[in-house]
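Asker: Before I ask anything, here is the structure I am working with.
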Amino acid sequence: MRPLSFRTRLWAGHVAVLALLLAIAAFGADWALRRVILGRVDEEILALAHAEAAALAGNRAVPLRILEITPGPPSFVRLDKLVQITDLDGRVAARSASLGSARLPMSPELLARLRGGETVFGTITDFAEPIRMVSLPIDLGGGHYAVEVAMSLDDAYAATRIGRWLFLSMSVVILVVIGLTGVVLARNALRPIDRIVNRARRIGEANLADRLPHPGTADEIGRLVETLNEMLGRLERSFEVRRMFSADASHELRSPLSRLRAELEVALRRPRQVAEYEETLRSCLDEVERVQGMIEELLELARIDTNAEREAAEAVSVADLIDAALLAVRPRAEQHGVSVVTEQHPDVLVNAAPVAAKVALANILDNAVKFSPAGGQVRIAVTAVDGEAVIAVSDAGPGVAPDEAERLFQPFYRGRASRSTGAAGVGLGLAISRVLIQRHGGRISLDAPDQQGAKFSVHLPRAERLAEESIASSAGPPRAAPTTDRD
């Protein structure tokens, strides 16, 4: 069985709640009308009973007789009242002409209540027709009697039936009208969603630039469309990054393989000396090692992206991270003749995985050293701001153009400076660094406003501040260390 649509469920729920409310209102109105009509009947017969009692008290003729009282203004109830006077033993002393030879019923229970001086109301259903009766005890010249007045309930019941059908018909009409209106309103309210669904079905990888139609309102549907369009924008950027990644990876892998094939083809064109073969093989080995290193970095990036073997975060000193990163990049710094200067900084603890944070920082330092000129300087500064520690690495290299600042963190992307200088690298170091830092709640920012040098800042959440006195005791002159790759 096909499940009901959201529109149908919404309409059915609306109609069901409305039907329940109308049923409660109709039953309540019917109960109230019945109470009002029966209350009016009780008032009529009680007033007539008091009038008969007052007339008997003023005229004590024997035998007793019913004084036919002219009824008041016409009302919706019947005017032919039934009146009967009995003693408290149940014997009839007088009755109205409207009763004829009949008599109003007197049960032992009713007589007992009258002897106790109680005015008794009752509904008699086994009379010629349903009647409402009141029994009023009175004293006449030392004798105890009861005045009984009854009225037919046919008109009262007819009025309640008319009211019941009126309430029922009004409820049905209201339910039908509002149900039809609900169908129209539900269709109009959900029409924008239908357009969104139809457009979304046509959006694929080839046309991710398309966006869902906005209804032009700031309501829930408008916010939903805005959110979905923002998600489509993120997907578009992700697919664009993937396409660029594929192109860059193909280029980076094709270059060494092409050189490797060319050298082998040249070596095989004619017989050569053993030394020439050895030189060719060493060159081929270098290319193979470069491809192997690239593949290993790709595997490392894939492992990080899949959250495999995640290292647990712990409280680690920023000074320890910097020392470990400096140790890793010292060989390249010495080779390039670049010094790395660590400025005086507060020693703070950060929440990070030691190995991952060290690798990320070492990649950034290596990137800075690689693009610094010989005899240049790379500076490391640490600040603690707003619950995080910021490790800033500044160099004096060619800088980064603003339009490629974000792409610099994409896998295999190499900036113009890297391509123009022919610096070694495949463009994976910064991508790996950002993934490692983001994994533990940090981030990496780049500041290169004048394209003269660049400053990479690693933001890590703080664990706790070390004792302030340790800062003073550990303070000293800036320490220099040769060390660090703008991939």
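Each chain of the structure tokens is named A, B, ... in the order shown, its residues numbered from 1; ligands are numbered from 1 in display order.
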Applying 8 Å and only C-alpha atoms, which residues near Arg434 of chain A remain after dropping the ones on its own chain fewer than 5 positions away? List them as a list in words.
Answerer: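 My reading of the contact set: Ala360, Phe409, Arg443 and Ile444 of chain A.
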Asker: As a list in words, please: the residues near Tyr145 of chain A (cut-off 9 Å, only C-alpha atoms, same-chain neighbours under 4 positions excluded).
Answerer: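 In the requested format, the answer is Ile85, Thr86, Asp87, Leu88, Asp89, Ala93, Leu114, Leu136, Pro137, Ile138, Asp139 and Leu140 of chain A.
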Asker: Next, the residues of the selection above should be written as an mmCIF file, in the first residue's frame with N, CA and C atoms.
Answerer:
```
data_model
loop_
_atom_site.group_PDB
_atom_site.id
_atom_site.type_symbol
_atom_site.label_atom_id
_atom_site.label_comp_id
_atom_site.auth_asym_id
_atom_site.auth_seq_id
_atom_site.Cartn_x
_atom_site.Cartn_y
_atom_site.Cartn_z
ATOM 1 N N ILE A 85 -54.636 17.584 43.157
ATOM 2 C CA ILE A 85 -54.439 17.790 44.592
ATOM 3 C C ILE A 85 -54.728 16.474 45.280
ATOM 4 N N THR A 86 -53.786 16.024 46.100
ATOM 5 C CA THR A 86 -53.948 14.757 46.814
ATOM 6 C C THR A 86 -53.538 14.967 48.259
ATOM 7 N N ASP A 87 -54.095 14.073 49.127
ATOM 8 C CA ASP A 87 -53.577 14.093 50.493
ATOM 9 C C ASP A 87 -52.307 13.261 50.534
ATOM 10 N N LEU A 88 -51.648 13.242 51.666
ATOM 11 C CA LEU A 88 -50.351 12.573 51.740
ATOM 12 C C LEU A 88 -50.471 11.065 51.905
ATOM 13 N N ASP A 89 -51.727 10.554 51.796
ATOM 14 C CA ASP A 89 -51.918 9.105 51.728
ATOM 15 C C ASP A 89 -52.112 8.629 50.299
ATOM 16 N N ALA A 93 -57.857 14.517 45.889
ATOM 17 C CA ALA A 93 -58.890 15.416 46.400
ATOM 18 C C ALA A 93 -59.500 16.240 45.292
ATOM 19 N N LEU A 114 -42.705 13.844 50.305
ATOM 20 C CA LEU A 114 -43.646 14.959 50.538
ATOM 21 C C LEU A 114 -43.940 15.106 52.025
ATOM 22 N N LEU A 136 -45.716 19.722 45.335
ATOM 23 C CA LEU A 136 -45.470 20.756 46.336
ATOM 24 C C LEU A 136 -46.333 20.485 47.561
ATOM 25 N N PRO A 137 -45.761 20.189 48.727
ATOM 26 C CA PRO A 137 -46.579 19.933 49.936
ATOM 27 C C PRO A 137 -47.150 21.251 50.476
ATOM 28 N N ILE A 138 -48.484 21.235 50.929
ATOM 29 C CA ILE A 138 -49.124 22.421 51.506
ATOM 30 C C ILE A 138 -49.966 21.990 52.705
ATOM 31 N N ASP A 139 -50.272 22.959 53.586
ATOM 32 C CA ASP A 139 -51.148 22.734 54.738
ATOM 33 C C ASP A 139 -52.414 23.555 54.538
ATOM 34 N N LEU A 140 -53.568 22.889 54.653
ATOM 35 C CA LEU A 140 -54.863 23.553 54.502
ATOM 36 C C LEU A 140 -55.737 23.221 55.704
#
```
Asker: Write out as a PyMOL selection string which residues come within 7 Å of Leu321 of chain A when counting only C-alpha atoms, dropping same-chain ones fewer than 4 positions away.
Answerer: chain A and resi 317+325+358
Asker: Could the residues in this selection be written to a file with N, CA and C atoms, as a PDB file, in the first residue's frame?
Answerer:
```pdb
ATOM      1  N   SER A 317      52.754  21.085  25.658  1.00  0.00           N
ATOM      2  CA  SER A 317      53.367  22.410  25.697  1.00  0.00           C
ATOM      3  C   SER A 317      53.685  22.899  24.289  1.00  0.00           C
ATOM      4  N   ALA A 325      59.284  20.350  15.961  1.00  0.00           N
ATOM      5  CA  ALA A 325      59.187  20.760  14.559  1.00  0.00           C
ATOM      6  C   ALA A 325      60.521  21.303  14.058  1.00  0.00           C
ATOM      7  N   LYS A 358      52.907  18.238  15.702  1.00  0.00           N
ATOM      8  CA  LYS A 358      54.311  18.407  15.316  1.00  0.00           C
ATOM      9  C   LYS A 358      54.470  18.292  13.810  1.00  0.00           C
TER      10      LYS A 358
END
```
Asker: Counting only C-alpha atoms, which of A:Arg132, A:Arg195, A:Arg272, A:His459 gets nearest to Leu436 of chain A?
Answerer: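 Among the listed residues, A:His459 lies closest to Leu436 of chain A.
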Asker: For each of A:Arg202, A:Arg164, A:Lys81, A:Arg191, take the minimum atom-to-atom distance to Ala29 of chain A, counting only C-alpha atoms, then give the residue where this is smallest.
Answerer: A:Arg164
Asker: My list of candidates is A:Val92, A:Ala156, A:Leu232, A:Ile124. Which is closest to Arg40 of chain A when distances are computed with only C-alpha atoms?
Answerer: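 Closest candidate: A:Ala156.
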Asker: Find the residue from A:Leu268, A:Leu460, A:Ile193, A:Phe167 that sits nearest to Asp386 of chain A; use only C-alpha atoms when measuring.
Answerer: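 Nearest to Asp386 of chain A: A:Leu460.
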